[in-house]
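**Q** Below is the file query-v1.cif, with mmCIF, C-alpha atoms (C1' of nucleotides).
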data_work
loop_
_atom_site.label_atom_id
_atom_site.label_comp_id
_atom_site.auth_asym_id
_atom_site.auth_seq_id
_atom_site.Cartn_x
_atom_site.Cartn_y
_atom_site.Cartn_z
CA MET A 1 0.00 0.00 0.00
CA PRO A 2 2.15 2.87 -1.29
CA GLU A 3 -0.58 5.42 -0.52
CA SER A 4 -0.43 7.79 -3.45
CA PRO A 5 0.53 11.19 -2.08
CA LEU A 6 -2.06 13.28 -3.91
CA ARG A 7 -4.96 11.22 -2.59
CA ALA A 8 -3.59 11.13 0.92
CA GLN A 9 -3.15 14.89 0.86
CA ARG A 10 -6.66 15.55 -0.39
CA ARG A 11 -8.02 13.20 2.18
CA ALA A 12 -6.13 14.91 4.97
CA GLU A 13 -7.30 18.31 3.75
CA THR A 14 -11.00 17.48 3.69
CA GLN A 15 -10.62 15.77 7.04
CA ARG A 16 -9.05 18.83 8.57
CA ALA A 17 -11.62 21.14 6.96
CA ILE A 18 -14.51 19.09 8.27
CA GLN A 19 -13.08 18.99 11.77
CA ALA A 20 -12.27 22.71 11.81
CA HIS A 21 -15.79 23.67 10.74
CA ALA A 22 -17.24 21.19 13.22
CA VAL A 23 -15.33 22.55 16.21
CA ARG A 24 -16.14 26.10 15.17
CA LEU A 25 -19.86 25.40 14.82
CA PHE A 26 -19.97 23.37 18.02
CA SER A 27 -18.27 26.19 19.93
CA GLU A 28 -20.61 28.80 18.46
CA ARG A 29 -23.96 27.05 18.67
CA GLY A 30 -23.29 24.17 21.03
CA TYR A 31 -22.59 20.54 20.29
CA ASP A 32 -26.11 19.18 20.69
CA ALA A 33 -27.68 22.08 18.81
CA THR A 34 -25.52 21.46 15.75
CA THR A 35 -26.40 18.63 13.36
CA VAL A 36 -23.91 16.63 11.35
CA THR A 37 -25.68 17.84 8.21
CA GLU A 38 -24.94 21.44 9.19
CA VAL A 39 -21.28 20.59 9.69
CA ALA A 40 -21.22 18.91 6.31
CA GLU A 41 -22.80 21.92 4.60
CA ALA A 42 -20.33 24.28 6.26
CA ALA A 43 -17.45 22.15 5.04
CA GLY A 44 -18.95 21.88 1.55
CA VAL A 45 -19.43 18.13 1.58
CA SER A 46 -22.30 15.74 2.10
CA ALA A 47 -23.23 14.17 5.40
CA MET A 48 -22.08 10.80 4.10
CA THR A 49 -18.58 12.15 3.59
CA VAL A 50 -18.41 13.32 7.18
CA TYR A 51 -19.24 9.82 8.39
CA ARG A 52 -16.63 8.35 6.06
CA HIS A 53 -13.92 10.44 7.70
CA PHE A 54 -15.20 10.37 11.30
CA PRO A 55 -17.02 7.29 12.56
CA THR A 56 -19.23 9.25 14.95
CA LYS A 57 -20.16 12.87 15.61
CA GLU A 58 -18.16 12.70 18.82
CA ASP A 59 -15.00 11.83 16.92
CA LEU A 60 -15.16 15.23 15.27
CA VAL A 61 -13.89 16.61 18.58
CA LEU A 62 -12.17 13.66 20.24
CA VAL A 63 -8.75 13.20 18.72
CA ASP A 64 -6.26 12.19 21.33
CA GLU A 65 -2.82 13.52 20.49
CA LEU A 66 -1.75 13.40 24.12
CA GLY A 67 -2.01 9.63 24.44
CA PRO A 68 0.87 8.50 22.22
CA LEU A 69 3.11 11.16 23.76
CA VAL A 70 2.48 9.90 27.26
CA ALA A 71 2.93 6.25 26.39
CA ALA A 72 6.21 6.96 24.63
CA ARG A 73 7.60 8.95 27.55
CA VAL A 74 6.61 6.28 30.03
CA ALA A 75 8.35 3.65 27.99
CA ALA A 76 11.47 5.82 27.83
CA SER A 77 11.66 6.29 31.61
CA ALA A 78 12.66 2.76 32.52
CA GLY A 79 15.11 3.93 35.18
CA VAL A 80 12.71 5.72 37.50
CA ARG A 81 11.66 3.76 40.56
CA PRO A 82 7.97 3.83 41.55
CA PRO A 83 5.47 3.47 38.69
CA VAL A 84 3.40 6.45 39.84
CA ARG A 85 6.47 8.64 39.53
CA ARG A 86 7.31 7.34 36.06
CA ILE A 87 3.77 8.04 34.92
CA GLY A 88 3.61 11.39 36.68
CA GLN A 89 6.79 12.64 35.05
CA ALA A 90 5.55 11.52 31.65
CA LEU A 91 2.27 13.36 32.15
CA VAL A 92 3.93 16.60 33.24
CA GLU A 93 6.33 16.49 30.28
CA SER A 94 3.52 15.74 27.85
CA ALA A 95 1.48 18.60 29.27
CA THR A 96 4.34 20.95 28.55
CA ALA A 97 4.34 19.80 24.94
CA VAL A 98 0.71 20.76 24.29
CA THR A 99 0.73 24.11 26.08
CA GLY A 100 -0.20 26.84 23.63
CA ASP A 101 -2.32 24.67 21.37
CA ARG A 102 -5.45 26.79 20.91
CA PHE A 103 -7.26 24.17 18.88
CA LEU A 104 -6.73 21.60 21.59
CA LEU A 105 -8.01 24.12 24.12
CA ALA A 106 -11.18 24.73 22.13
CA ARG A 107 -11.80 21.02 21.82
CA LEU A 108 -11.09 20.49 25.50
CA GLN A 109 -13.63 23.14 26.45
CA LEU A 110 -16.19 21.40 24.30
CA MET A 111 -15.35 18.06 25.90
CA ILE A 112 -15.84 19.45 29.37
CA SER A 113 -19.09 21.28 28.73
CA THR A 114 -20.82 18.57 26.70
CA GLN A 115 -21.88 15.40 28.47
CA ALA A 116 -21.57 13.03 25.53
CA LEU A 117 -18.06 14.27 24.72
CA ARG A 118 -16.97 14.29 28.34
CA ALA A 119 -18.07 10.69 28.75
CA ARG A 120 -16.31 9.44 25.64
CA HIS A 121 -13.19 11.38 26.54
CA LEU A 122 -13.05 9.72 29.95
CA ASP A 123 -13.60 6.36 28.32
CA ASN A 124 -10.56 7.01 26.14
CA HIS A 125 -8.52 7.07 29.34
CA TYR A 126 -9.17 3.35 29.39
CA VAL A 127 -7.18 2.85 26.22
CA LEU A 128 -4.45 5.18 27.39
CA GLN A 129 -4.32 3.40 30.73
CA GLN A 130 -3.62 0.10 29.02
CA ALA A 131 -1.00 1.74 26.83
CA ILE A 132 0.72 3.08 29.92
CA VAL A 133 0.63 -0.30 31.63
CA ASP A 134 2.17 -1.87 28.56
CA ALA A 135 4.79 0.87 28.40
CA LEU A 136 5.74 0.30 32.03
CA GLY A 137 7.00 -3.11 31.05
CA ALA A 138 7.22 -6.33 33.00
CA ASP A 139 9.35 -4.98 35.83
CA ALA A 140 6.60 -2.69 37.12
CA GLY A 141 5.22 -5.29 39.49
CA ASP A 142 1.62 -6.43 39.73
CA PRO A 143 -0.35 -5.45 36.59
CA PHE A 144 -3.33 -4.64 38.79
CA ASP A 145 -1.28 -2.17 40.79
CA ALA A 146 0.02 -0.66 37.58
CA GLU A 147 -3.54 -0.24 36.27
CA ALA A 148 -4.63 1.43 39.49
CA ALA A 149 -1.63 3.76 39.46
CA ALA A 150 -2.11 4.68 35.81
CA SER A 151 -5.83 5.37 36.14
CA ALA A 152 -5.30 7.47 39.25
CA CYS A 153 -2.59 9.55 37.57
CA LEU A 154 -4.78 10.05 34.50
CA ALA A 155 -7.68 11.14 36.67
CA ALA A 156 -5.48 13.67 38.42
CA MET A 157 -4.23 14.97 35.09
CA HIS A 158 -7.79 15.29 33.91
CA THR A 159 -8.58 17.49 36.88
CA ALA A 160 -5.72 19.71 35.79
CA LEU A 161 -6.96 19.77 32.20
CA VAL A 162 -10.41 20.85 33.37
CA ARG A 163 -8.96 23.69 35.40
CA TRP A 164 -6.75 24.74 32.50
CA ALA A 165 -9.72 24.81 30.14
CA GLN A 166 -11.76 26.80 32.66
CA ASP A 167 -8.91 29.31 32.87
CA ASP A 168 -9.06 29.60 29.07
CA GLY A 169 -5.52 28.27 28.79
CA ARG A 170 -4.03 31.18 30.72
CA SER A 171 -2.59 29.13 33.57
CA ASP A 172 0.47 26.92 33.42
CA LEU A 173 -0.75 23.50 32.36
CA ALA A 174 2.35 21.57 33.37
CA GLY A 175 2.28 23.25 36.77
CA LEU A 176 -1.37 22.33 37.25
CA VAL A 177 -0.69 18.72 36.31
CA ALA A 178 2.21 18.56 38.75
CA LYS A 179 0.08 20.10 41.50
CA ALA A 180 -2.80 17.69 40.89
CA LEU A 181 -0.46 14.73 40.93
CA ALA A 182 1.14 15.95 44.13
CA ALA A 183 -2.24 16.23 45.81
CA ALA A 184 -3.35 12.80 44.60
CA VAL A 185 -0.34 10.52 44.66
CA GLY A 186 2.32 12.55 46.44
CA ASP A 187 5.03 14.74 44.97
CA PRO A 188 6.02 13.12 41.66
CA VAL A 189 8.08 15.94 40.15
CA ARG A 190 10.75 15.77 42.84
CA ASP A 191 13.62 14.32 40.78
CA HIS A 192 14.47 10.89 42.19
CA MET B 1 -46.22 16.95 48.30
CA PRO B 2 -47.50 14.04 50.43
CA GLU B 3 -46.88 11.51 47.62
CA SER B 4 -49.84 9.19 47.91
CA PRO B 5 -48.54 5.76 48.90
CA LEU B 6 -50.44 3.64 46.39
CA ARG B 7 -49.20 5.64 43.42
CA ALA B 8 -45.65 5.74 44.70
CA GLN B 9 -45.69 2.00 45.20
CA ARG B 10 -47.04 1.26 41.74
CA ARG B 11 -44.49 3.60 40.26
CA ALA B 12 -41.64 1.93 42.10
CA GLU B 13 -42.89 -1.49 41.03
CA THR B 14 -43.09 -0.74 37.32
CA GLN B 15 -39.73 1.01 37.53
CA ARG B 16 -38.12 -2.02 39.11
CA ALA B 17 -39.82 -4.39 36.67
CA ILE B 18 -38.62 -2.39 33.67
CA GLN B 19 -35.06 -2.25 34.98
CA ALA B 20 -34.96 -5.93 35.87
CA HIS B 21 -36.16 -6.97 32.42
CA ALA B 22 -33.76 -4.51 30.83
CA VAL B 23 -30.68 -5.80 32.65
CA ARG B 24 -31.71 -9.38 31.96
CA LEU B 25 -32.20 -8.77 28.24
CA PHE B 26 -29.03 -6.71 27.97
CA SER B 27 -27.03 -9.46 29.65
CA GLU B 28 -28.56 -12.14 27.44
CA ARG B 29 -28.50 -10.46 24.03
CA GLY B 30 -26.13 -7.58 24.54
CA TYR B 31 -26.87 -3.93 25.20
CA ASP B 32 -26.60 -2.64 21.64
CA ALA B 33 -28.50 -5.60 20.21
CA THR B 34 -31.49 -4.95 22.46
CA THR B 35 -33.93 -2.17 21.59
CA VAL B 36 -35.87 -0.13 24.11
CA THR B 37 -39.06 -1.39 22.47
CA GLU B 38 -38.04 -4.96 23.26
CA VAL B 39 -37.42 -4.03 26.89
CA ALA B 40 -40.81 -2.37 27.02
CA GLU B 41 -42.55 -5.42 25.58
CA ALA B 42 -40.78 -7.72 28.05
CA ALA B 43 -41.94 -5.51 30.91
CA GLY B 44 -45.46 -5.32 29.52
CA VAL B 45 -45.48 -1.57 28.95
CA SER B 46 -45.07 0.77 26.01
CA ALA B 47 -41.79 2.32 24.95
CA MET B 48 -43.00 5.72 26.10
CA THR B 49 -43.45 4.43 29.63
CA VAL B 50 -39.84 3.28 29.69
CA TYR B 51 -38.70 6.77 28.74
CA ARG B 52 -40.95 8.30 31.38
CA HIS B 53 -39.22 6.28 34.08
CA PHE B 54 -35.68 6.33 32.69
CA PRO B 55 -34.51 9.38 30.75
CA THR B 56 -32.20 7.38 28.49
CA LYS B 57 -31.54 3.76 27.63
CA GLU B 58 -28.26 3.99 29.50
CA ASP B 59 -30.05 4.94 32.71
CA LEU B 60 -31.68 1.51 32.70
CA VAL B 61 -28.32 0.18 33.87
CA LEU B 62 -26.65 3.18 35.46
CA VAL B 63 -28.08 3.68 38.92
CA ASP B 64 -25.39 4.75 41.33
CA GLU B 65 -26.14 3.45 44.81
CA LEU B 66 -22.48 3.65 45.77
CA GLY B 67 -22.24 7.41 45.43
CA PRO B 68 -24.39 8.56 48.35
CA LEU B 69 -22.74 5.97 50.60
CA VAL B 70 -19.29 7.27 49.83
CA ALA B 71 -20.21 10.91 50.26
CA ALA B 72 -21.85 10.23 53.61
CA ARG B 73 -18.85 8.32 54.92
CA VAL B 74 -16.45 11.02 53.80
CA ALA B 75 -18.49 13.64 55.58
CA ALA B 76 -18.50 11.51 58.73
CA SER B 77 -14.71 11.12 58.78
CA ALA B 78 -13.82 14.67 59.70
CA GLY B 79 -11.08 13.60 62.07
CA VAL B 80 -8.79 11.79 59.66
CA ARG B 81 -5.81 13.80 58.47
CA PRO B 82 -4.94 13.71 54.74
CA PRO B 83 -7.89 13.96 52.33
CA VAL B 84 -6.74 10.98 50.29
CA ARG B 85 -6.92 8.83 53.40
CA ARG B 86 -10.39 10.10 54.33
CA ILE B 87 -11.61 9.30 50.84
CA GLY B 88 -9.80 5.98 50.70
CA GLN B 89 -11.31 4.75 53.95
CA ALA B 90 -14.77 5.79 52.81
CA LEU B 91 -14.33 3.89 49.54
CA VAL B 92 -13.13 0.72 51.23
CA GLU B 93 -16.00 0.83 53.72
CA SER B 94 -18.56 1.47 50.99
CA ALA B 95 -17.15 -1.39 48.95
CA THR B 96 -17.74 -3.71 51.90
CA ALA B 97 -21.37 -2.61 51.97
CA VAL B 98 -22.10 -3.65 48.38
CA THR B 99 -20.25 -6.97 48.38
CA GLY B 100 -22.69 -9.75 47.60
CA ASP B 101 -25.06 -7.63 45.53
CA ARG B 102 -25.60 -9.82 42.44
CA PHE B 103 -27.73 -7.26 40.64
CA LEU B 104 -25.04 -4.64 41.05
CA LEU B 105 -22.52 -7.15 39.73
CA ALA B 106 -24.59 -7.86 36.63
CA ARG B 107 -24.97 -4.15 35.94
CA LEU B 108 -21.27 -3.58 36.52
CA GLN B 109 -20.39 -6.27 34.01
CA LEU B 110 -22.63 -4.58 31.49
CA MET B 111 -21.06 -1.21 32.20
CA ILE B 112 -17.59 -2.57 31.63
CA SER B 113 -18.30 -4.47 28.44
CA THR B 114 -20.42 -1.84 26.71
CA GLN B 115 -18.74 1.33 25.53
CA ALA B 116 -21.69 3.66 25.89
CA LEU B 117 -22.38 2.49 29.44
CA ARG B 118 -18.73 2.55 30.41
CA ALA B 119 -18.40 6.13 29.21
CA ARG B 120 -21.48 7.36 31.04
CA HIS B 121 -20.45 5.50 34.18
CA LEU B 122 -17.07 7.22 34.18
CA ASP B 123 -18.78 10.54 33.62
CA ASN B 124 -20.85 9.92 36.75
CA HIS B 125 -17.60 9.95 38.69
CA TYR B 126 -17.66 13.65 37.99
CA VAL B 127 -20.78 14.12 40.08
CA LEU B 128 -19.48 11.87 42.82
CA GLN B 129 -16.18 13.70 42.80
CA GLN B 130 -17.92 16.99 43.51
CA ALA B 131 -20.01 15.36 46.22
CA ILE B 132 -16.82 14.10 47.87
CA VAL B 133 -15.17 17.51 47.67
CA ASP B 134 -18.22 19.07 49.28
CA ALA B 135 -18.25 16.36 51.94
CA LEU B 136 -14.61 17.00 52.76
CA GLY B 137 -15.60 20.42 53.98
CA ALA B 138 -13.69 23.67 54.11
CA ASP B 139 -10.75 22.40 56.15
CA ALA B 140 -9.53 20.09 53.39
CA GLY B 141 -7.25 22.71 51.89
CA ASP B 142 -7.17 23.82 48.26
CA PRO B 143 -10.36 22.74 46.42
CA PHE B 144 -8.26 21.92 43.38
CA ASP B 145 -6.13 19.52 45.40
CA ALA B 146 -9.27 17.96 46.84
CA GLU B 147 -10.69 17.46 43.35
CA ALA B 148 -7.48 15.84 42.17
CA ALA B 149 -7.34 13.56 45.20
CA ALA B 150 -10.99 12.57 44.86
CA SER B 151 -10.78 11.82 41.14
CA ALA B 152 -7.60 9.78 41.62
CA CYS B 153 -9.16 7.72 44.42
CA LEU B 154 -12.29 7.13 42.35
CA ALA B 155 -10.20 6.02 39.39
CA ALA B 156 -8.31 3.57 41.59
CA MET B 157 -11.58 2.23 42.98
CA HIS B 158 -12.88 1.82 39.46
CA THR B 159 -9.90 -0.34 38.60
CA ALA B 160 -10.84 -2.54 41.56
CA LEU B 161 -14.47 -2.69 40.43
CA VAL B 162 -13.40 -3.79 36.98
CA ARG B 163 -11.27 -6.57 38.40
CA TRP B 164 -14.08 -7.63 40.73
CA ALA B 165 -16.54 -7.81 37.84
CA GLN B 166 -14.06 -9.80 35.75
CA ASP B 167 -13.70 -12.25 38.64
CA ASP B 168 -17.49 -12.59 38.62
CA GLY B 169 -17.69 -11.21 42.14
CA ARG B 170 -15.68 -14.05 43.62
CA SER B 171 -12.80 -11.95 44.93
CA ASP B 172 -12.88 -9.67 47.95
CA LEU B 173 -14.03 -6.29 46.71
CA ALA B 174 -12.96 -4.28 49.74
CA GLY B 175 -9.54 -5.89 49.56
CA LEU B 176 -9.20 -5.05 45.91
CA VAL B 177 -10.18 -1.43 46.53
CA ALA B 178 -7.64 -1.18 49.34
CA LYS B 179 -4.94 -2.71 47.14
CA ALA B 180 -5.71 -0.37 44.24
CA LEU B 181 -5.64 2.65 46.53
CA ALA B 182 -2.37 1.51 48.04
CA ALA B 183 -0.78 1.20 44.61
CA ALA B 184 -2.10 4.57 43.48
CA VAL B 185 -1.98 6.91 46.45
CA GLY B 186 -0.10 4.96 49.06
CA ASP B 187 -1.42 2.82 51.88
CA PRO B 188 -4.73 4.37 52.97
CA VAL B 189 -6.13 1.59 55.11
CA ARG B 190 -3.34 1.81 57.67
CA ASP B 191 -5.30 3.22 60.63
CA HIS B 192 -3.99 6.69 61.42
"C1'" DT C 1 -69.84 12.49 43.20
"C1'" DC C 2 -66.78 15.69 40.76
"C1'" DA C 3 -62.58 18.10 39.48
"C1'" DT C 4 -57.65 17.51 39.51
"C1'" DT C 5 -53.70 15.12 39.20
"C1'" DT C 6 -51.02 11.40 37.43
"C1'" DG C 7 -49.71 7.31 34.57
"C1'" DT C 8 -50.04 5.47 30.18
"C1'" DG C 9 -50.66 4.78 25.02
"C1'" DT C 10 -50.58 6.52 20.20
"C1'" DT C 11 -48.81 9.13 16.60
"C1'" DA C 12 -45.67 11.84 14.19
"C1'" DG C 13 -41.36 13.82 14.00
"C1'" DT C 14 -35.93 14.79 14.49
"C1'" DC C 15 -31.38 13.17 14.36
"C1'" DA C 16 -27.36 9.94 14.54
"C1'" DC C 17 -25.89 6.32 11.95
"C1'" DT C 18 -25.79 2.25 8.35
"C1'" DA C 19 -26.37 -0.34 3.99
"C1'" DC C 20 -26.61 -0.19 -0.70
"C1'" DC C 21 -26.03 1.58 -5.24
"C1'" DA C 22 -24.55 4.89 -8.83
"C1'" DA C 23 -21.20 8.41 -10.55
"C1'" DC C 24 -16.89 10.52 -10.75
"C1'" DT C 25 -11.79 11.02 -10.24
"C1'" DT C 26 -7.25 9.36 -9.87
"C1'" DG C 27 -3.26 6.06 -10.87
"C1'" DG C 28 -1.08 2.89 -13.24
"C1'" DT C 29 -0.88 0.18 -17.56
"C1'" DA C 30 -1.26 -1.59 -22.50
"C1'" DT D 1 -3.87 7.76 -25.79
"C1'" DA D 2 -7.12 4.51 -24.31
"C1'" DC D 3 -8.42 1.73 -20.38
"C1'" DC D 4 -9.06 -0.68 -16.24
"C1'" DA D 5 -8.82 -0.81 -11.18
"C1'" DA D 6 -9.30 1.46 -7.00
"C1'" DG D 7 -10.55 5.22 -4.07
"C1'" DT D 8 -13.84 9.10 -3.06
"C1'" DT D 9 -18.22 11.00 -3.11
"C1'" DG D 10 -23.39 11.57 -3.28
"C1'" DG D 11 -28.24 9.91 -2.95
"C1'" DT D 12 -31.81 6.96 -1.02
"C1'" DA D 13 -33.88 4.23 2.21
"C1'" DG D 14 -33.89 2.32 6.55
"C1'" DT D 15 -33.17 1.48 11.89
"C1'" DG D 16 -33.25 3.06 16.51
"C1'" DA D 17 -32.97 6.47 20.37
"C1'" DC D 18 -35.55 10.14 21.89
"C1'" DT D 19 -39.22 14.16 22.01
"C1'" DA D 20 -43.60 16.61 21.61
"C1'" DA D 21 -48.53 16.77 21.42
"C1'" DC D 22 -52.89 14.83 22.17
"C1'" DA D 23 -56.25 11.67 24.24
"C1'" DC D 24 -57.79 8.30 27.71
"C1'" DA D 25 -58.11 5.95 32.10
"C1'" DA D 26 -57.28 5.53 37.00
"C1'" DA D 27 -56.57 7.38 41.43
"C1'" DT D 28 -56.61 11.10 44.70
"C1'" DG D 29 -58.86 14.80 47.45
"C1'" DA D 30 -62.80 17.56 48.35
#
In structure tokens, write the structure found in this file.
**A**
Amino acid sequence: MPESPLRAQRRAETQRAIQAHAVRLFSERGYDATTVTEVAEAAGVSAMTVYRHFPTKEDLVLVDELGPLVAARVAASAGVRPPVRRIGQALVESATAVTGDRFLLARLQLMISTQALRARHLDNHYVLQQAIVDALGADAGDPFDAEAAASACLAAMHTALVRWAQDDGRSDLAGLVAKALAAAVGDPVRDH
Amino acid sequence: MPESPLRAQRRAETQRAIQAHAVRLFSERGYDATTVTEVAEAAGVSAMTVYRHFPTKEDLVLVDELGPLVAARVAASAGVRPPVRRIGQALVESATAVTGDRFLLARLQLMISTQALRARHLDNHYVLQQAIVDALGADAGDPFDAEAAASACLAAMHTALVRWAQDDGRSDLAGLVAKALAAAVGDPVRDH
DNA sequence: TCATTTGTGTTAGTCACTACCAACTTGGTA
DNA sequence: TACCAAGTTGGTAGTGACTAACACAAATGA
């Protein structure tokens, strides 16, 4: 599958256009008050095309770019001792990487204010949790303990994300994540 | 509003009948493969009646009896020192209270295996989280820290619930919750 | 007994989403 | 250049969750 470049580019363009119009309309009129047909019209395509690029309406907002970052950083931190600290450091570092992303902020604000999006977003933590457990490797002890640690760290990070979105992205995201983790699982940013 | 007893009783009966048939059918055929109309027919009512008693199909499974228990126990534990320990103790105690509830177990297994239910269930943690923060009271320090601690503890408990449901309720739920909390936020069952 | 409230059923409608089929465009090939 | 295969799109019809509006029956309170 050599993936001819012209087709891939066109596909990526329409995909981005659809998502951009969707997030804009959702932010303006509200998620529930905006139909997929309206998004399609704004993007200049048919409703069918929207569903071909995004399996559900929720997926127009829910693209997780943070997940792969976190998993990669966890895998790279094999030296650090307690799993919660490995995960915590990875989360703080990943938070730093996305600071300043206005599009992510807009989508995050939608996710927090809309029930359907909020629910699916939290469910995505499930996938990320498993990715983190896998990234921890075999030497992280009991898988159950690793799952519990990962889910707790993700929940704490989510609290920070909510606060950041409420502050309209003005506060320091990495600092918030570190503070939330400190309150939940103890001080994880203290370097070994 | 004196709530005439005969009407209240009939209402509670139909409500319970609808939910029982719903959970049974969902467990047998799968949540997505069962329509609300089928649930209504099994319960001997019309589809409209189902929607009058349960706002959405998901609510046929998602009734949170654990939430009020946890919030009450947190409020009653004003003496304990760190918030995470207050919350952790409340969660372990509440877990003990629901051990042996087969209906809860069946619903939990549905929640875990079905994406829509899983997502909504996790979103309900949001409400419970706020209830816990309120129950902690004003002396619990920074509200943000309390939110982070509560969400992390709930996430750890959820990991225990998942494991318990996978074990078909055979394992010790309170023990699992305590173990998950220990792995995530440190040992919370150690008595002060 | 009578008026009010409440529970229920019916119908028609919106919207997310799917299956199926037809048309067009692109990419490589004879 | 002509042509075939594959990918992209649009239209139509359908399912299912959910809502609104109207009518009917039963139960409550006077």
**Q** Residues of chain B within 7 Å of chain A, counting all atoms listed in the file - could you list those as a list of chain:residue names?
**A**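 Residues of chain B within 7 Å of chain A, counting all atoms listed in the file: B:Val84, B:Arg118, B:Ala119, B:Arg120, B:Leu122, B:Asp123, B:Asp145, B:Glu147, B:Ala148, B:Ala149, B:Ser151, B:Ala152, B:Cys153, B:Ala155, B:Ala156, B:Thr159, B:Ala180, B:Ala183, B:Ala184, B:Val185.
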**Q** Residues of chain A within 12 Å of chain C, counting only C-alpha atoms (C1' of nucleotides), what are they? List them as an mmCIF file with C-alpha atoms, in the coordinates of the input.
**A**
data_model
loop_
_atom_site.group_PDB
_atom_site.id
_atom_site.type_symbol
_atom_site.label_atom_id
_atom_site.label_comp_id
_atom_site.auth_asym_id
_atom_site.auth_seq_id
_atom_site.Cartn_x
_atom_site.Cartn_y
_atom_site.Cartn_z
ATOM 1 C CA PRO A 2 2.150 2.870 -1.290
ATOM 2 C CA GLU A 3 -0.580 5.420 -0.520
ATOM 3 C CA SER A 4 -0.430 7.790 -3.450
ATOM 4 C CA PRO A 5 0.530 11.190 -2.080
ATOM 5 C CA LEU A 6 -2.060 13.280 -3.910
ATOM 6 C CA ARG A 7 -4.960 11.220 -2.590
ATOM 7 C CA ALA A 8 -3.590 11.130 0.920
ATOM 8 C CA ARG A 10 -6.660 15.550 -0.390
ATOM 9 C CA ASP A 32 -26.110 19.180 20.690
ATOM 10 C CA ALA A 33 -27.680 22.080 18.810
ATOM 11 C CA THR A 34 -25.520 21.460 15.750
ATOM 12 C CA THR A 35 -26.400 18.630 13.360
ATOM 13 C CA VAL A 36 -23.910 16.630 11.350
ATOM 14 C CA THR A 37 -25.680 17.840 8.210
ATOM 15 C CA GLU A 38 -24.940 21.440 9.190
ATOM 16 C CA ALA A 47 -23.230 14.170 5.400
ATOM 17 C CA MET A 48 -22.080 10.800 4.100
ATOM 18 C CA VAL A 50 -18.410 13.320 7.180
ATOM 19 C CA TYR A 51 -19.240 9.820 8.390
ATOM 20 C CA ARG A 52 -16.630 8.350 6.060
ATOM 21 C CA PHE A 54 -15.200 10.370 11.300
ATOM 22 C CA PRO A 55 -17.020 7.290 12.560
ATOM 23 C CA THR A 56 -19.230 9.250 14.950
ATOM 24 C CA LYS A 57 -20.160 12.870 15.610
ATOM 25 C CA GLU A 58 -18.160 12.700 18.820
#
**Q** With all atoms listed in the file as the basis for distance, which of A:Ala95, A:Ala22, A:Ile132, A:Leu108 is at the shortest distance from Ser77 in chain A?
**A**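 For Ser77 in chain A, the nearest of the given residues is A:Ile132.
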**Q** Quick check, in Å to one decimal: how far apart do CA of Thr96 in chain B and CA of Ala174 in chain B lie?
**A**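 Separation between CA of Thr96 in chain B and CA of Ala174 in chain B: 5.3 Å.
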**Q** Quick one: which residues end up in the PyMOL selection byres ((chain A and resi 16) around 12) for this structure, as number ranges by chain?
**A** A: 9-15, 17-23, 43, 50, 53-54, 60-61, 63, 103
**Q** Pull out every residue that the PyMOL selection byres ((chain D) within 10 of (chain A)) matches in the shown coordinates and put them as a PDB file with C-alpha atoms (C1' of nucleotides), in the coordinates of the input.
**A**
ATOM      1  C1'  DG D   7     -10.550   5.220  -4.070  1.00  0.00           C
ATOM      2  C1'  DT D   8     -13.840   9.100  -3.060  1.00  0.00           C
ATOM      3  C1'  DT D   9     -18.220  11.000  -3.110  1.00  0.00           C
ATOM      4  C1'  DG D  10     -23.390  11.570  -3.280  1.00  0.00           C
ATOM      5  C1'  DG D  11     -28.240   9.910  -2.950  1.00  0.00           C
TER       6       DG D  11
END
**Q** How many Å lie between CA of Arg81 in chain A and CA of Asp139 in chain A, rounded to one decimal?
**A** 10.2 Å
**Q** Do you have the CA of Arg29 in chain B-CA of Gly100 in chain B distance handy?
**A** 24.3 Å
**Q** I need the residue set behind the PyMOL selection byres ((chain A and resi 70) around 10) for this file; please write it as a ChimeraX atom specification.
**A** /A:65-69,71-76,87-95,128,131-132,135
**Q** Once you count only C-alpha atoms (C1' of nucleotides), which residues end up no further than 10 Å from (-6.1, 28.5, 29.7) in the file's frame, shown as a ChimeraX atom specification?
**A** /A:99-102,105-106,109,161-173
